[in-house]
Every structure is written in structure tokens, then in C-alpha cells.
Amino acid sequence: MISRCDLIKGAAVALFTLSIQGAWAQETKMNLFKIVTVKDEIVIGLSTEELQGLGGNDASAVAHALAQKGDLTVWQYNVHRGPNGELQQAPTAKIGLLANASLRVEPYTTPYRIVPHP
């Protein structure tokens, strides 16, 4: 039989574990954006720190930085199966974006778990 003390200790460990996972999720939060051109569309991912480095936290910051700099290096994201078979949005390649007059940057949402890039 489990004592009340053991039950409280177990609950404390579980709560601590969940709080660490929550903090890790906050630290590695990825923001996805769809880049639309005349020819195609791709999804890219930027961390919160990368977005702040561009001078904002939304699609307009990405578009503005691309227009000012002329190019950006980012991670392209695609849907893949994870190790346990579940679908996830994962980084597939580091790519270069070039500014283009017909470019549009949109926020992108996905029902899948987002894997942070390296």
C-alpha cells in the first residue's frame, strides 16, 4: 500500500517534471511562416530569439528584414513522421531566401508538433 507521504512525493516529482517540460517548450518555441512567391510556397521556422534578432515577432518583421537585407538564411520545414510514427513539422534543410517583388510572408499554423531546428 502506498503511504500518503509517498503519494505527495510522487505528485511533486510529476509536477516538477511537467514544469521543466513546459519551460523547455517555451525556450524552443518555433514560429512557422509560409513564404509565397509567384512560383511556389515553402514553410520556414524561426525561433523566438531569431525573430527578435530580425526586429519583431511576426510575419511583417520577416518581410521587412528580407526587404532590407536582400536575403536571409532560414530553416525550411516539412511534415515528416517522427520516431514513434506520429506526424510532425520538422526542419529539412537550411535555405537562403532572396528578396523578390512578388514575395509574401504569412503566419503558418499546423496541427502537428513542431520540432525545433538545430
# chains A, B, ... in the order shown; residues from 1 in each chain; ligands from 1
$ residues_around --residues "region 91-96 of chain A" --least-positions-apart "6" --cutoff "6 Å" --atoms "only C-alpha atoms" --output "list of chain:residue names"
A:Leu72, A:Thr73, A:Val74, A:Trp75, A:Gln76, A:Tyr77, A:His117
$ write_last_selection --atoms "all heavy atoms" --output "PDB file, in the first residue's frame"
ATOM      1  N   LEU A  72      18.014  36.139 -46.551  1.00  0.00           N
ATOM      2  CA  LEU A  72      18.010  35.569 -45.202  1.00  0.00           C
ATOM      3  C   LEU A  72      18.327  34.083 -45.307  1.00  0.00           C
ATOM      4  O   LEU A  72      17.914  33.429 -46.267  1.00  0.00           O
ATOM      5  CB  LEU A  72      16.645  35.716 -44.527  1.00  0.00           C
ATOM      6  CG  LEU A  72      16.175  37.090 -44.107  1.00  0.00           C
ATOM      7  CD1 LEU A  72      14.748  37.013 -43.564  1.00  0.00           C
ATOM      8  CD2 LEU A  72      17.098  37.666 -43.042  1.00  0.00           C
ATOM      9  N   THR A  73      19.016  33.556 -44.326  1.00  0.00           N
ATOM     10  CA  THR A  73      19.232  32.121 -44.231  1.00  0.00           C
ATOM     11  C   THR A  73      18.305  31.590 -43.148  1.00  0.00           C
ATOM     12  O   THR A  73      18.316  32.091 -42.013  1.00  0.00           O
ATOM     13  CB  THR A  73      20.701  31.814 -43.871  1.00  0.00           C
ATOM     14  OG1 THR A  73      21.530  32.383 -44.883  1.00  0.00           O
ATOM     15  CG2 THR A  73      20.942  30.317 -43.788  1.00  0.00           C
ATOM     16  N   VAL A  74      17.475  30.602 -43.503  1.00  0.00           N
ATOM     17  CA  VAL A  74      16.454  30.074 -42.590  1.00  0.00           C
ATOM     18  C   VAL A  74      16.353  28.564 -42.754  1.00  0.00           C
ATOM     19  O   VAL A  74      16.906  27.992 -43.698  1.00  0.00           O
ATOM     20  CB  VAL A  74      15.073  30.710 -42.871  1.00  0.00           C
ATOM     21  CG1 VAL A  74      15.077  32.199 -42.585  1.00  0.00           C
ATOM     22  CG2 VAL A  74      14.627  30.450 -44.302  1.00  0.00           C
ATOM     23  N   TRP A  75      15.617  27.930 -41.856  1.00  0.00           N
ATOM     24  CA  TRP A  75      15.345  26.503 -41.969  1.00  0.00           C
ATOM     25  C   TRP A  75      13.987  26.285 -42.634  1.00  0.00           C
ATOM     26  O   TRP A  75      12.995  26.879 -42.231  1.00  0.00           O
ATOM     27  CB  TRP A  75      15.343  25.850 -40.591  1.00  0.00           C
ATOM     28  CG  TRP A  75      16.715  25.571 -40.087  1.00  0.00           C
ATOM     29  CD1 TRP A  75      17.493  26.396 -39.320  1.00  0.00           C
ATOM     30  CD2 TRP A  75      17.492  24.412 -40.331  1.00  0.00           C
ATOM     31  NE1 TRP A  75      18.702  25.814 -39.073  1.00  0.00           N
ATOM     32  CE2 TRP A  75      18.729  24.577 -39.683  1.00  0.00           C
ATOM     33  CE3 TRP A  75      17.268  23.233 -41.035  1.00  0.00           C
ATOM     34  CZ2 TRP A  75      19.733  23.621 -39.711  1.00  0.00           C
ATOM     35  CZ3 TRP A  75      18.270  22.276 -41.061  1.00  0.00           C
ATOM     36  CH2 TRP A  75      19.481  22.473 -40.413  1.00  0.00           C
ATOM     37  N   GLN A  76      13.969  25.423 -43.645  1.00  0.00           N
ATOM     38  CA  GLN A  76      12.720  25.023 -44.297  1.00  0.00           C
ATOM     39  C   GLN A  76      12.116  23.875 -43.498  1.00  0.00           C
ATOM     40  O   GLN A  76      12.829  22.977 -43.033  1.00  0.00           O
ATOM     41  CB  GLN A  76      12.978  24.567 -45.729  1.00  0.00           C
ATOM     42  CG  GLN A  76      11.713  24.187 -46.463  1.00  0.00           C
ATOM     43  CD  GLN A  76      11.980  23.816 -47.917  1.00  0.00           C
ATOM     44  OE1 GLN A  76      13.113  23.824 -48.374  1.00  0.00           O
ATOM     45  NE2 GLN A  76      10.938  23.492 -48.632  1.00  0.00           N
ATOM     46  N   TYR A  77      10.791  23.899 -43.312  1.00  0.00           N
ATOM     47  CA  TYR A  77      10.075  22.878 -42.552  1.00  0.00           C
ATOM     48  C   TYR A  77       9.115  22.118 -43.450  1.00  0.00           C
ATOM     49  O   TYR A  77       8.493  22.697 -44.345  1.00  0.00           O
ATOM     50  CB  TYR A  77       9.283  23.527 -41.412  1.00  0.00           C
ATOM     51  CG  TYR A  77      10.094  23.715 -40.156  1.00  0.00           C
ATOM     52  CD1 TYR A  77      11.147  24.613 -40.118  1.00  0.00           C
ATOM     53  CD2 TYR A  77       9.817  22.982 -39.018  1.00  0.00           C
ATOM     54  CE1 TYR A  77      11.901  24.779 -38.964  1.00  0.00           C
ATOM     55  CE2 TYR A  77      10.564  23.142 -37.861  1.00  0.00           C
ATOM     56  CZ  TYR A  77      11.599  24.033 -37.845  1.00  0.00           C
ATOM     57  OH  TYR A  77      12.347  24.190 -36.707  1.00  0.00           O
ATOM     58  N   HIS A 117      14.639  23.533 -34.836  1.00  0.00           N
ATOM     59  CA  HIS A 117      15.825  23.288 -35.656  1.00  0.00           C
ATOM     60  C   HIS A 117      17.082  23.384 -34.804  1.00  0.00           C
ATOM     61  O   HIS A 117      17.067  23.955 -33.726  1.00  0.00           O
ATOM     62  CB  HIS A 117      15.880  24.216 -36.871  1.00  0.00           C
ATOM     63  CG  HIS A 117      15.906  25.672 -36.541  1.00  0.00           C
ATOM     64  ND1 HIS A 117      16.965  26.272 -35.931  1.00  0.00           N
ATOM     65  CD2 HIS A 117      14.987  26.641 -36.732  1.00  0.00           C
ATOM     66  CE1 HIS A 117      16.714  27.555 -35.779  1.00  0.00           C
ATOM     67  NE2 HIS A 117      15.511  27.808 -36.246  1.00  0.00           N
TER      68      HIS A 117
END
$ residues_around --residues "Val105 (chain A)" --least-positions-apart "6" --cutoff "9 Å" --atoms "only C-alpha atoms" --output "PyMOL selection string"
chain A and resi 33-36+59-60+62-63
$ write_last_selection --atoms "N, CA, C and O atoms" --output "mmCIF file, in the first residue's frame"
data_model
loop_
_atom_site.group_PDB
_atom_site.id
_atom_site.type_symbol
_atom_site.label_atom_id
_atom_site.label_comp_id
_atom_site.auth_asym_id
_atom_site.auth_seq_id
_atom_site.Cartn_x
_atom_site.Cartn_y
_atom_site.Cartn_z
ATOM 1 N N PHE A 33 6.269 30.235 -40.724
ATOM 2 C CA PHE A 33 5.787 31.211 -41.698
ATOM 3 C C PHE A 33 5.753 30.562 -43.068
ATOM 4 O O PHE A 33 6.621 29.760 -43.410
ATOM 5 N N LYS A 34 4.741 30.935 -43.849
ATOM 6 C CA LYS A 34 4.666 30.485 -45.233
ATOM 7 C C LYS A 34 5.222 31.605 -46.103
ATOM 8 O O LYS A 34 4.784 32.753 -46.003
ATOM 9 N N ILE A 35 6.183 31.258 -46.954
ATOM 10 C CA ILE A 35 6.753 32.206 -47.897
ATOM 11 C C ILE A 35 6.122 31.893 -49.251
ATOM 12 O O ILE A 35 6.260 30.784 -49.769
ATOM 13 N N VAL A 36 5.430 32.879 -49.806
ATOM 14 C CA VAL A 36 4.702 32.690 -51.059
ATOM 15 C C VAL A 36 5.351 33.533 -52.146
ATOM 16 O O VAL A 36 5.545 34.739 -51.972
ATOM 17 N N ALA A 59 5.099 38.105 -38.970
ATOM 18 C CA ALA A 59 5.416 37.982 -40.390
ATOM 19 C C ALA A 59 5.947 39.280 -40.981
ATOM 20 O O ALA A 59 6.820 39.258 -41.853
ATOM 21 N N SER A 60 5.463 40.405 -40.498
ATOM 22 C CA SER A 60 5.939 41.677 -41.048
ATOM 23 C C SER A 60 7.413 41.900 -40.724
ATOM 24 O O SER A 60 8.142 42.494 -41.524
ATOM 25 N N VAL A 62 9.679 39.535 -40.552
ATOM 26 C CA VAL A 62 10.409 38.684 -41.500
ATOM 27 C C VAL A 62 10.444 39.364 -42.870
ATOM 28 O O VAL A 62 11.503 39.465 -43.498
ATOM 29 N N ALA A 63 9.300 39.863 -43.337
ATOM 30 C CA ALA A 63 9.235 40.530 -44.638
ATOM 31 C C ALA A 63 10.112 41.776 -44.667
ATOM 32 O O ALA A 63 10.835 42.022 -45.635
#
$ closest_residue --among "A:Ala99, A:Ile44, A:Leu32, A:Leu87" --to "Gly70 (chain A)" --atoms "only C-alpha atoms"
A:Ala99
$ atom_distance --atom1 "CA of Leu97 (chain A)" --atom2 "CA of Glu50 (chain A)"
15.0 Å
